[in-house]
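Reading through the structure tokens given below for one structure.
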Amino acid sequence: MQTTATTADPLVERLRTLLGRDAVLANPSDLVVYECDAFTVEKKRPEVVVFPTSTEQVAAVVRLCKETETPFLARGAGTSLAGGCLPVGGGVIISLSRMKKVHEINIRDRYAVVDPGVVNLQLTKLVQAQGYHFAPDPSSQSASTIGGNSSTNAGGPHTLKYGVTVNHVLGLEIVLPDGTIVRTGGPAGDPTGYDMTGVIVGAEGTFGVVTKIWVRLTPLPPAVRTLLGIFDSIDDATNTITEIIAAGIIPAALEMIDIVILEAVEAAFHFGFPLDAEAVLIMEVDGLDAGLDREAERITEFARKNNAREVRKAATEAERLLLWKCRKQAFGALGRIAPSLCTQDGVVPRTKLPHMLRRAREIGAKYGLRIGNVFHAGDGNIHPLLLFDERDPDQVKRVFAASNEILDECIACGGSVTGEHGIGVEKLDFMPKLFAPVDLEQMLRLRRAFNPDNLCSPHKMFPTAGACVERARPARKAAI
Amino acid sequence: MSSDTLTIDGVGPMPVECPASVAELRDVVRRCATDGTAIYPVGGGTLLDYGTPPARPGIALSTGKLDQVIDFPARDMTITVQAGITVARLNEITKAERLWLPIDVPNPETATLGGSIAANVSGPRRYGYGTFRDYVIGVTLVNDRGEETKAGGRVVKNVAGYDLMKLYTGSLGTLGVITQVTLKLKPMPEAWASCLFFCGRHQLAQALELLHRTATRPSAISFAWFHQHDKTADHWAFVVVFEGNSEAVTWQQEQLRQELGASGIPAPDGNRGEGIGPEQNFGLESWIIFRANLRPSSAAGFCARAAESGNVALRCVAGGAVVRGGITADHYTMGDFARMLSNILEAANATDGNVLVERCPPEWKKSLAVWGRPPSDLALQKAVKRALDPNSVFNPGRFVTDAF
């Protein structure tokens, strides 16, 4: 009989007893997939990956980890761009991909109860016919899970008007790092006591393993107008954004795509983007039909005033959907124009966008790198994409330097180094630049209340000594 | 706070400290933390009855002098202010730039922003705009060590670090003193319109169902019921507000009228105007006040039960997610209230809801379930309190305590 070293591992054997043989992966070749997520710079192979199917199984695994002092962390679809699913301390990855039941849909009280492994878009598809949707719509929504969205407090294009994930999470069930199962919040008014739900969402999985989520369902807008503004200069496009917001208009989405990205997107999807334009803006307003045309006209005026060459209106729903497909799959299309890319996630106050984009361009020129931009302009959340070839170590070095300089500039503008991807392991070094030691200590005190032994996703979010993983090269993949 | 002493929920008089700077406030906290004096943070003092009574005497620490605007980049639609600013002054400043914080706070002339956040105050507009947890994007808190700690930032989208804004919102001053806040603001609507209507006791469920299904998108819903001696006898009085562009507002007012008419509820009244709709008068004056957090679908049943239980006025917001009630009788014993409370608590608990006592004579609180049914995550909440305030410097006895 063939045996491997891993099957002799008592932890693996006990996990197999708890969950069954088909729910435990310990063969090194099977584990390769789990050594990183969509942030591929750093890799670390877990000792074992488990696939529980119930809260009780998750709790049993966590108790075993505590008993054996084994680090563990939860993983959804693994689309994190910041290394949120990187098992820095090794140990057990708890994959929630087999927990994908929708437990309840309650239209009258406007909520649903879902397992963490339910894919974001699936939920919207389930409730769409009844006139509702799950509002957070990260670009990864056809793959990423609601558990992962909740842990990272994911954003997306339409969060400009509808808010980010935390604004749509009403309650949670979580397995704490000591193995106890706790329920927080719920669908009735305000919670009694502290808003534990609000602080667990966005904790990037460092407070425990979320096993059930009460999410808000939002009525679909009855009408929508989608406009495409075409600009000969980035400054004109960013000034348009700033003026729309400053005029008190909150579009449902306000997204910018620049010439670098347009070229790749056009080659992939043949939308009909002009290839000599410097930038396009997708501008969408939604709500009741009454008054919506006037709102669209006002936006068009701002674009024209800022020298838009043309403002097109999506004539049909099919055209509108194609436009959004171009936006949401832009990252994927970039494979056509560069072997590798590094995507950043900075935030600046909205009025600083024109300045910030000019600086990003200058930084790109300084390091001899091509930088594309496709981002949530209305929120001030930029995603510069640094194009390079990872086989050239000198380029790799320059990508690191340029990324850091861009993020430092975001901080200098009064912004942040992450609007929606998270700190993960990628941005650990920036935490001391954003926060004073007393601020970080206050956060660590809170973490100790949940996770006193720090076995649950150790070495994330806060820089700690001795947690360095070899940083070989910048991320090359990005959101789907 | 101008008085030199303050009695909180029957405990006092306690000296009031009113530091003129954050540095002075930190000194007070450090001094108290060292000698074991309890600190009871106060803003405008509008909700001092809220909570269980103080566990030990101490000082009242007022943020009243910390009322400066730190930064107001209007075109970014954010504002950073010190926590002691009154809500009325904040509104005045933001409205000058045609921006606003769309949260209804009772007694805005007195209530401070910090106090309103600590108590997580909300009103009828929570239906369309949400609550403080949706608007606080940055916070500074002086902790139990007297340190000035920050979380969040000044940009509208930011996931760096733990979201302590959520934890502090509604924590009733038990984790520290909020000294500075950054808020996300909304543009002021162009126009508003309202529908005012009455319905009978037995039509409440139907009216709420209609508002759930309506093709309109109300920004505020409130409905009130008074006891049988009141002139609006046996009727629910509804106020539904629409805010937004003028075409949509006009269309909605007419649409809701038609929807109501079609279901046999006449909508006799309504107003309209420019800008923001009228201040929502949802305050409730009574010596005994309770607050229920409910699923909207169970509001009608809950209200019927509460109304049967005694002499009570009810004010409800957000489709029934929050129902507040006040006892209208002058003579009402603790026994009367305890019986009523256990009756309505049962009704609320049956559908995941809860009932809290916002105000009653302090001496009753020892015997009443002031916080209703303990939340299922109470042990975790206590662990958080122990981690951030291990010596129980802030508001001991008032919230997230063993009596909770």
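Following the order of the structure tokens, first chain is A, next is B, and so on, with residues numbered from 1 inside each chain and ligands from 1 in the order they appear.
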Please build the interface table for chain A against chain B with a cut-off of 7 Å, listing for each qualifying residue the nearest atom pair and the distance in Å to one decimal; count only C-alpha atoms, order rows by chain and increasing number, and write it as JSON lines.
```
{"residue": "A:Arg108", "atom": "CA", "partner": "B:Ser297", "partner_atom": "CA", "distance": 6.5}
{"residue": "A:Asp109", "atom": "CA", "partner": "B:Pro296", "partner_atom": "CA", "distance": 5.9}
{"residue": "A:Asn167", "atom": "CA", "partner": "B:Asp134", "partner_atom": "CA", "distance": 6.3}
{"residue": "A:Val182", "atom": "CA", "partner": "B:Asp377", "partner_atom": "CA", "distance": 5.8}
{"residue": "A:Arg183", "atom": "CA", "partner": "B:Asp377", "partner_atom": "CA", "distance": 6.0}
{"residue": "A:Thr184", "atom": "CA", "partner": "B:Asp377", "partner_atom": "CA", "distance": 5.7}
{"residue": "A:Pro187", "atom": "CA", "partner": "B:Arg295", "partner_atom": "CA", "distance": 6.1}
{"residue": "A:Ala188", "atom": "CA", "partner": "B:Leu294", "partner_atom": "CA", "distance": 4.3}
{"residue": "A:Gly189", "atom": "CA", "partner": "B:Asn293", "partner_atom": "CA", "distance": 4.3}
{"residue": "A:Asp190", "atom": "CA", "partner": "B:Asn293", "partner_atom": "CA", "distance": 6.0}
{"residue": "A:Thr192", "atom": "CA", "partner": "B:Pro375", "partner_atom": "CA", "distance": 6.0}
{"residue": "A:Gly193", "atom": "CA", "partner": "B:Val400", "partner_atom": "CA", "distance": 6.5}
{"residue": "A:Tyr194", "atom": "CA", "partner": "B:Ser171", "partner_atom": "CA", "distance": 5.6}
{"residue": "A:Asp195", "atom": "CA", "partner": "B:Leu167", "partner_atom": "CA", "distance": 5.6}
{"residue": "A:Met196", "atom": "CA", "partner": "B:Leu167", "partner_atom": "CA", "distance": 6.7}
{"residue": "A:Gly198", "atom": "CA", "partner": "B:Lys166", "partner_atom": "CA", "distance": 5.2}
{"residue": "A:Val199", "atom": "CA", "partner": "B:Asp163", "partner_atom": "CA", "distance": 5.4}
{"residue": "A:Gly202", "atom": "CA", "partner": "B:Val159", "partner_atom": "CA", "distance": 6.8}
{"residue": "A:Ala203", "atom": "CA", "partner": "B:Tyr162", "partner_atom": "CA", "distance": 5.7}
{"residue": "A:Ala246", "atom": "CA", "partner": "B:Arg75", "partner_atom": "CA", "distance": 4.7}
{"residue": "A:Gly248", "atom": "CA", "partner": "B:Pro187", "partner_atom": "CA", "distance": 4.7}
{"residue": "A:Leu288", "atom": "CA", "partner": "B:Ala248", "partner_atom": "CA", "distance": 6.5}
{"residue": "A:Ala290", "atom": "CA", "partner": "B:Ala248", "partner_atom": "CA", "distance": 4.7}
{"residue": "A:Gly291", "atom": "CA", "partner": "B:Glu247", "partner_atom": "CA", "distance": 4.9}
{"residue": "A:Val348", "atom": "CA", "partner": "B:Val155", "partner_atom": "CA", "distance": 6.5}
{"residue": "A:Pro349", "atom": "CA", "partner": "B:Val155", "partner_atom": "CA", "distance": 5.6}
{"residue": "A:Arg350", "atom": "CA", "partner": "B:Asp76", "partner_atom": "CA", "distance": 5.5}
{"residue": "A:Thr351", "atom": "CA", "partner": "B:Asp76", "partner_atom": "CA", "distance": 6.1}
{"residue": "A:Asp379", "atom": "CA", "partner": "B:Lys157", "partner_atom": "CA", "distance": 6.5}
{"residue": "A:Gly414", "atom": "CA", "partner": "B:Arg154", "partner_atom": "CA", "distance": 6.9}
{"residue": "A:Gly415", "atom": "CA", "partner": "B:Val155", "partner_atom": "CA", "distance": 5.8}
{"residue": "A:Ser416", "atom": "CA", "partner": "B:Asn158", "partner_atom": "CA", "distance": 6.3}
{"residue": "A:Thr418", "atom": "CA", "partner": "B:Val159", "partner_atom": "CA", "distance": 5.9}
{"residue": "A:Gly419", "atom": "CA", "partner": "B:Asn158", "partner_atom": "CA", "distance": 4.2}
{"residue": "A:Glu420", "atom": "CA", "partner": "B:Val159", "partner_atom": "CA", "distance": 5.8}
{"residue": "A:Gly422", "atom": "CA", "partner": "B:Val159", "partner_atom": "CA", "distance": 5.8}
{"residue": "A:Ile423", "atom": "CA", "partner": "B:Ala160", "partner_atom": "CA", "distance": 6.1}
{"residue": "A:Val438", "atom": "CA", "partner": "B:Thr149", "partner_atom": "CA", "distance": 6.0}
{"residue": "A:Asp439", "atom": "CA", "partner": "B:Thr149", "partner_atom": "CA", "distance": 4.7}
{"residue": "A:Met443", "atom": "CA", "partner": "B:Tyr162", "partner_atom": "CA", "distance": 6.4}
{"residue": "A:Arg445", "atom": "CA", "partner": "B:Ala387", "partner_atom": "CA", "distance": 5.9}
{"residue": "A:Leu446", "atom": "CA", "partner": "B:Ala387", "partner_atom": "CA", "distance": 6.3}
{"residue": "A:Ala449", "atom": "CA", "partner": "B:Val384", "partner_atom": "CA", "distance": 5.5}
{"residue": "A:Met461", "atom": "CA", "partner": "B:Gly161", "partner_atom": "CA", "distance": 6.8}
```
Keeping N, CA and C atoms, export the residues of the selection given above as a compact mmCIF listing (two decimals), in the first residue's frame.
```txt
# COMPACT_ATOMS: atom_id res chain seq x y z
N ARG A 108 -40.41 40.34 2.39
CA ARG A 108 -41.18 41.28 3.21
C ARG A 108 -40.28 42.06 4.17
N ASP A 109 -39.33 41.34 4.78
CA ASP A 109 -38.41 42.03 5.69
C ASP A 109 -37.08 42.36 5.03
N ASN A 167 -22.61 47.96 4.67
CA ASN A 167 -23.90 48.63 4.72
C ASN A 167 -25.05 47.66 4.39
N VAL A 182 -21.23 31.83 17.64
CA VAL A 182 -21.92 33.03 18.13
C VAL A 182 -22.72 33.63 17.00
N ARG A 183 -23.91 34.15 17.35
CA ARG A 183 -24.70 34.87 16.37
C ARG A 183 -24.75 36.34 16.73
N THR A 184 -24.50 37.20 15.77
CA THR A 184 -24.54 38.65 16.03
C THR A 184 -25.62 39.29 15.18
N PRO A 187 -32.13 40.58 11.57
CA PRO A 187 -32.97 41.41 10.70
C PRO A 187 -33.88 42.40 11.42
N ALA A 188 -33.82 42.47 12.76
CA ALA A 188 -34.78 43.32 13.49
C ALA A 188 -34.14 44.59 14.01
N GLY A 189 -34.47 45.73 13.41
CA GLY A 189 -34.02 47.04 13.90
C GLY A 189 -32.53 47.09 14.20
N ASP A 190 -32.16 47.76 15.30
CA ASP A 190 -30.76 47.85 15.69
C ASP A 190 -30.42 46.69 16.63
N THR A 192 -28.95 44.75 19.92
CA THR A 192 -28.88 45.08 21.34
C THR A 192 -27.41 45.04 21.75
N GLY A 193 -26.91 46.15 22.24
CA GLY A 193 -25.50 46.19 22.64
C GLY A 193 -24.62 46.64 21.49
N TYR A 194 -23.36 46.24 21.54
CA TYR A 194 -22.42 46.67 20.51
C TYR A 194 -22.76 46.08 19.14
N ASP A 195 -22.38 46.81 18.11
CA ASP A 195 -22.59 46.37 16.72
C ASP A 195 -21.45 45.43 16.34
N MET A 196 -21.51 44.20 16.85
CA MET A 196 -20.43 43.26 16.58
C MET A 196 -20.37 42.90 15.10
N GLY A 198 -20.91 44.85 12.57
CA GLY A 198 -20.21 45.90 11.84
C GLY A 198 -18.70 45.82 11.97
N VAL A 199 -18.24 45.36 13.12
CA VAL A 199 -16.78 45.35 13.31
C VAL A 199 -16.16 44.03 12.83
N GLY A 202 -15.15 43.13 7.41
CA GLY A 202 -13.96 43.93 7.10
C GLY A 202 -12.77 43.61 7.97
N ALA A 203 -12.91 42.68 8.92
CA ALA A 203 -11.78 42.31 9.78
C ALA A 203 -10.86 41.32 9.07
N ALA A 246 -19.49 67.38 -7.03
CA ALA A 246 -19.58 68.66 -6.31
C ALA A 246 -20.94 69.33 -6.55
N GLY A 248 -23.66 67.87 -6.43
CA GLY A 248 -24.67 67.20 -5.61
C GLY A 248 -25.39 66.07 -6.33
N LEU A 288 -36.17 56.21 -9.92
CA LEU A 288 -37.48 56.30 -10.55
C LEU A 288 -37.34 56.93 -11.92
N ALA A 290 -39.18 59.10 -13.38
CA ALA A 290 -39.46 60.54 -13.37
C ALA A 290 -38.20 61.31 -13.01
N GLY A 291 -37.85 62.26 -13.85
CA GLY A 291 -36.70 63.12 -13.54
C GLY A 291 -35.35 62.56 -13.93
N VAL A 348 -8.22 58.60 -2.74
CA VAL A 348 -7.93 60.01 -2.43
C VAL A 348 -9.26 60.75 -2.33
N PRO A 349 -9.28 61.89 -1.62
CA PRO A 349 -10.50 62.71 -1.66
C PRO A 349 -10.83 63.01 -3.12
N ARG A 350 -12.13 63.03 -3.44
CA ARG A 350 -12.53 63.06 -4.85
C ARG A 350 -11.97 64.26 -5.61
N THR A 351 -11.82 65.39 -4.92
CA THR A 351 -11.30 66.57 -5.62
C THR A 351 -9.81 66.45 -5.93
N ASP A 379 -15.89 57.49 -6.17
CA ASP A 379 -15.48 57.30 -4.78
C ASP A 379 -14.07 57.81 -4.51
N GLY A 414 -4.20 62.76 1.82
CA GLY A 414 -5.22 62.58 2.84
C GLY A 414 -6.10 61.37 2.59
N GLY A 415 -5.59 60.42 1.81
CA GLY A 415 -6.38 59.25 1.45
C GLY A 415 -5.95 57.99 2.16
N SER A 416 -6.15 56.85 1.49
CA SER A 416 -5.86 55.56 2.09
C SER A 416 -5.21 54.66 1.05
N THR A 418 -5.98 51.44 0.69
CA THR A 418 -6.90 50.42 0.18
C THR A 418 -8.35 50.85 0.37
N GLY A 419 -9.09 50.82 -0.73
CA GLY A 419 -10.50 51.20 -0.67
C GLY A 419 -11.41 50.01 -0.59
N GLU A 420 -10.91 48.84 -1.08
CA GLU A 420 -11.80 47.67 -1.11
C GLU A 420 -11.07 46.34 -1.15
N GLY A 422 -8.33 45.43 0.72
CA GLY A 422 -7.88 45.02 2.04
C GLY A 422 -6.38 45.17 2.22
N ILE A 423 -5.94 45.06 3.47
CA ILE A 423 -4.51 45.14 3.80
C ILE A 423 -3.85 43.81 3.50
N VAL A 438 -0.38 54.02 18.87
CA VAL A 438 -1.53 53.86 19.79
C VAL A 438 -2.79 53.41 19.04
N ASP A 439 -2.93 53.85 17.79
CA ASP A 439 -4.09 53.44 16.99
C ASP A 439 -4.02 51.93 16.73
N MET A 443 -6.44 48.64 18.02
CA MET A 443 -6.99 47.60 17.15
C MET A 443 -6.52 46.22 17.60
N ARG A 445 -5.76 45.34 20.63
CA ARG A 445 -6.49 44.98 21.86
C ARG A 445 -7.82 44.33 21.48
N LEU A 446 -8.46 44.90 20.46
CA LEU A 446 -9.73 44.32 20.02
C LEU A 446 -9.51 42.92 19.45
N ALA A 449 -9.42 40.27 21.99
CA ALA A 449 -10.71 39.86 22.56
C ALA A 449 -11.31 38.70 21.77
N MET A 461 -2.96 42.02 8.35
CA MET A 461 -3.43 43.38 8.67
C MET A 461 -2.44 44.20 9.51
```
From the DSSP assignment of the backbone, select every residue of region 114-277 of chain B that is alpha helix (DSSP H), and format the answer as a count of residues only. 41
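Here the question is which of A:Asn27, A:Thr238, A:Asn306, A:Asn120 gets nearest to Gln141 (chain A) using only C-alpha atoms, and that residue is A:Asn120.
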Please identify all polymer residues within 9 Å of Glu104 (chain A), counting only C-alpha atoms, omitting same-chain residues fewer than 3 positions from it, and present them as a PyMOL selection string. chain A and resi 111-114
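Interatomic distance, CA of Gly229 (chain A) to CA of His421 (chain A): 27.2 Å.
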Per DSSP on the backbone, what are the strand (DSSP E or B) residues of region 132-193 of chain B, as a ChimeraX atom specification? /B:136-142,148-152,177-184,186-187,191-193
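Between CA of Leu196 (chain B) and CA of Val239 (chain B) lies a distance of 4.8 Å.
We find CA of Ile234 (chain A) and CA of Gly156 (chain A) to be spaced 21.7 Å apart.
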Find the residues around Leu25 (chain A) up to 8 Å (only C-alpha atoms counted), leave out those fewer than 3 positions away in its own chain, and share them as a PyMOL selection string. chain A and resi 22+30-31+48-50
How would the residues just picked look written out with N, CA and C atoms as a tab-separated table (two decimals), in the first residue's frame?
```tsv
chain	number	residue	atom	x	y	z
A	22	ASP	N	-13.03	12.63	1.89
A	22	ASP	CA	-13.14	13.49	0.70
A	22	ASP	C	-13.20	14.97	1.04
A	30	ASP	N	-1.98	18.51	-4.43
A	30	ASP	CA	-3.31	19.11	-4.34
A	30	ASP	C	-3.26	20.48	-3.65
A	31	LEU	N	-2.23	20.68	-2.86
A	31	LEU	CA	-2.17	21.90	-2.04
A	31	LEU	C	-1.62	23.10	-2.80
A	48	VAL	N	-2.71	21.55	5.22
A	48	VAL	CA	-3.90	20.79	4.88
A	48	VAL	C	-5.04	21.76	4.56
A	49	VAL	N	-5.91	21.33	3.64
A	49	VAL	CA	-7.10	22.13	3.31
A	49	VAL	C	-8.32	21.28	3.62
A	50	VAL	N	-9.29	21.86	4.34
A	50	VAL	CA	-10.49	21.10	4.67
A	50	VAL	C	-11.72	21.76	4.06
```
Surrounding residues of Asn381 (chain A) excluding itself and chain neighbours under 2 positions, 7 Å, only C-alpha atoms, as a ChimeraX atom specification: /A:345-348,375-377,379,383,419
Excluding Leu357 (chain A) and residues on its chain fewer than 3 positions from it, collect all residues at most 10 Å away from it, counting only C-alpha atoms, and give them as a PyMOL selection string. chain A and resi 234-235+238+352-354+360-363+373+382+384+406
Serialized selection, N, CA, C and O atoms, as an mmCIF file, in the first residue's frame:
```
data_model
loop_
_atom_site.group_PDB
_atom_site.id
_atom_site.type_symbol
_atom_site.label_atom_id
_atom_site.label_comp_id
_atom_site.auth_asym_id
_atom_site.auth_seq_id
_atom_site.Cartn_x
_atom_site.Cartn_y
_atom_site.Cartn_z
ATOM 1 N N ILE A 234 -7.159 63.112 -19.926
ATOM 2 C CA ILE A 234 -7.513 62.531 -18.623
ATOM 3 C C ILE A 234 -7.960 63.632 -17.676
ATOM 4 O O ILE A 234 -8.891 63.450 -16.892
ATOM 5 N N ASP A 235 -7.285 64.772 -17.739
ATOM 6 C CA ASP A 235 -7.663 65.889 -16.874
ATOM 7 C C ASP A 235 -9.129 66.274 -17.079
ATOM 8 O O ASP A 235 -9.864 66.508 -16.118
ATOM 9 N N THR A 238 -11.329 63.589 -15.408
ATOM 10 C CA THR A 238 -11.355 63.649 -13.941
ATOM 11 C C THR A 238 -12.026 64.931 -13.455
ATOM 12 O O THR A 238 -12.726 64.915 -12.441
ATOM 13 N N LYS A 352 -9.140 65.462 -5.343
ATOM 14 C CA LYS A 352 -7.703 65.284 -5.598
ATOM 15 C C LYS A 352 -7.450 64.334 -6.770
ATOM 16 O O LYS A 352 -6.304 64.044 -7.104
ATOM 17 N N LEU A 353 -8.525 63.829 -7.379
ATOM 18 C CA LEU A 353 -8.348 62.849 -8.470
ATOM 19 C C LEU A 353 -7.498 63.387 -9.623
ATOM 20 O O LEU A 353 -6.573 62.697 -10.056
ATOM 21 N N PRO A 354 -7.796 64.600 -10.142
ATOM 22 C CA PRO A 354 -6.972 65.079 -11.261
ATOM 23 C C PRO A 354 -5.488 65.122 -10.887
ATOM 24 O O PRO A 354 -4.637 64.644 -11.635
ATOM 25 N N ALA A 360 0.395 59.860 -10.840
ATOM 26 C CA ALA A 360 0.594 58.456 -11.220
ATOM 27 C C ALA A 360 1.286 58.376 -12.574
ATOM 28 O O ALA A 360 2.169 57.546 -12.801
ATOM 29 N N ARG A 361 0.873 59.271 -13.481
ATOM 30 C CA ARG A 361 1.501 59.292 -14.803
ATOM 31 C C ARG A 361 2.980 59.658 -14.709
ATOM 32 O O ARG A 361 3.846 59.031 -15.304
ATOM 33 N N GLU A 362 3.247 60.674 -13.884
ATOM 34 C CA GLU A 362 4.647 61.094 -13.704
ATOM 35 C C GLU A 362 5.484 59.972 -13.086
ATOM 36 O O GLU A 362 6.628 59.740 -13.489
ATOM 37 N N ILE A 363 4.882 59.290 -12.113
ATOM 38 C CA ILE A 363 5.612 58.201 -11.453
ATOM 39 C C ILE A 363 5.892 57.089 -12.465
ATOM 40 O O ILE A 363 6.983 56.525 -12.506
ATOM 41 N N ASN A 373 -5.350 52.857 -16.200
ATOM 42 C CA ASN A 373 -6.267 53.206 -15.113
ATOM 43 C C ASN A 373 -7.683 52.781 -15.445
ATOM 44 O O ASN A 373 -8.214 53.127 -16.496
ATOM 45 N N ILE A 382 -8.878 54.692 -6.762
ATOM 46 C CA ILE A 382 -8.160 54.463 -8.022
ATOM 47 C C ILE A 382 -7.550 53.062 -8.088
ATOM 48 O O ILE A 382 -7.191 52.477 -7.060
ATOM 49 N N PRO A 384 -4.644 51.989 -10.331
ATOM 50 C CA PRO A 384 -3.611 52.021 -11.372
ATOM 51 C C PRO A 384 -3.092 50.607 -11.624
ATOM 52 O O PRO A 384 -2.882 49.841 -10.680
ATOM 53 N N ILE A 406 3.138 55.593 -5.526
ATOM 54 C CA ILE A 406 1.735 55.954 -5.787
ATOM 55 C C ILE A 406 0.938 55.926 -4.481
ATOM 56 O O ILE A 406 0.174 56.847 -4.171
#
```
Which residues are near region 426-435 of chain A? Cut-off 6 Å, only C-alpha atoms, ignore same chain within fewer than 6 positions. Put them as a VMD selection string. chain A and resid 82 461 to 463
Please save N, CA and C atoms of the selected residues as an mmCIF file, in the first residue's frame.
```cif
data_model
loop_
_atom_site.group_PDB
_atom_site.id
_atom_site.type_symbol
_atom_site.label_atom_id
_atom_site.label_comp_id
_atom_site.auth_asym_id
_atom_site.auth_seq_id
_atom_site.Cartn_x
_atom_site.Cartn_y
_atom_site.Cartn_z
ATOM 1 N N ALA A 82 -5.043 41.000 -2.210
ATOM 2 C CA ALA A 82 -4.114 41.506 -1.202
ATOM 3 C C ALA A 82 -3.507 40.379 -0.367
ATOM 4 N N MET A 461 -2.965 42.024 8.346
ATOM 5 C CA MET A 461 -3.430 43.376 8.673
ATOM 6 C C MET A 461 -2.442 44.199 9.508
ATOM 7 N N PHE A 462 -1.779 43.564 10.492
ATOM 8 C CA PHE A 462 -0.846 44.318 11.331
ATOM 9 C C PHE A 462 0.561 43.773 11.149
ATOM 10 N N PRO A 463 1.537 44.654 10.925
ATOM 11 C CA PRO A 463 2.900 44.173 10.752
ATOM 12 C C PRO A 463 3.421 43.579 12.055
#
```
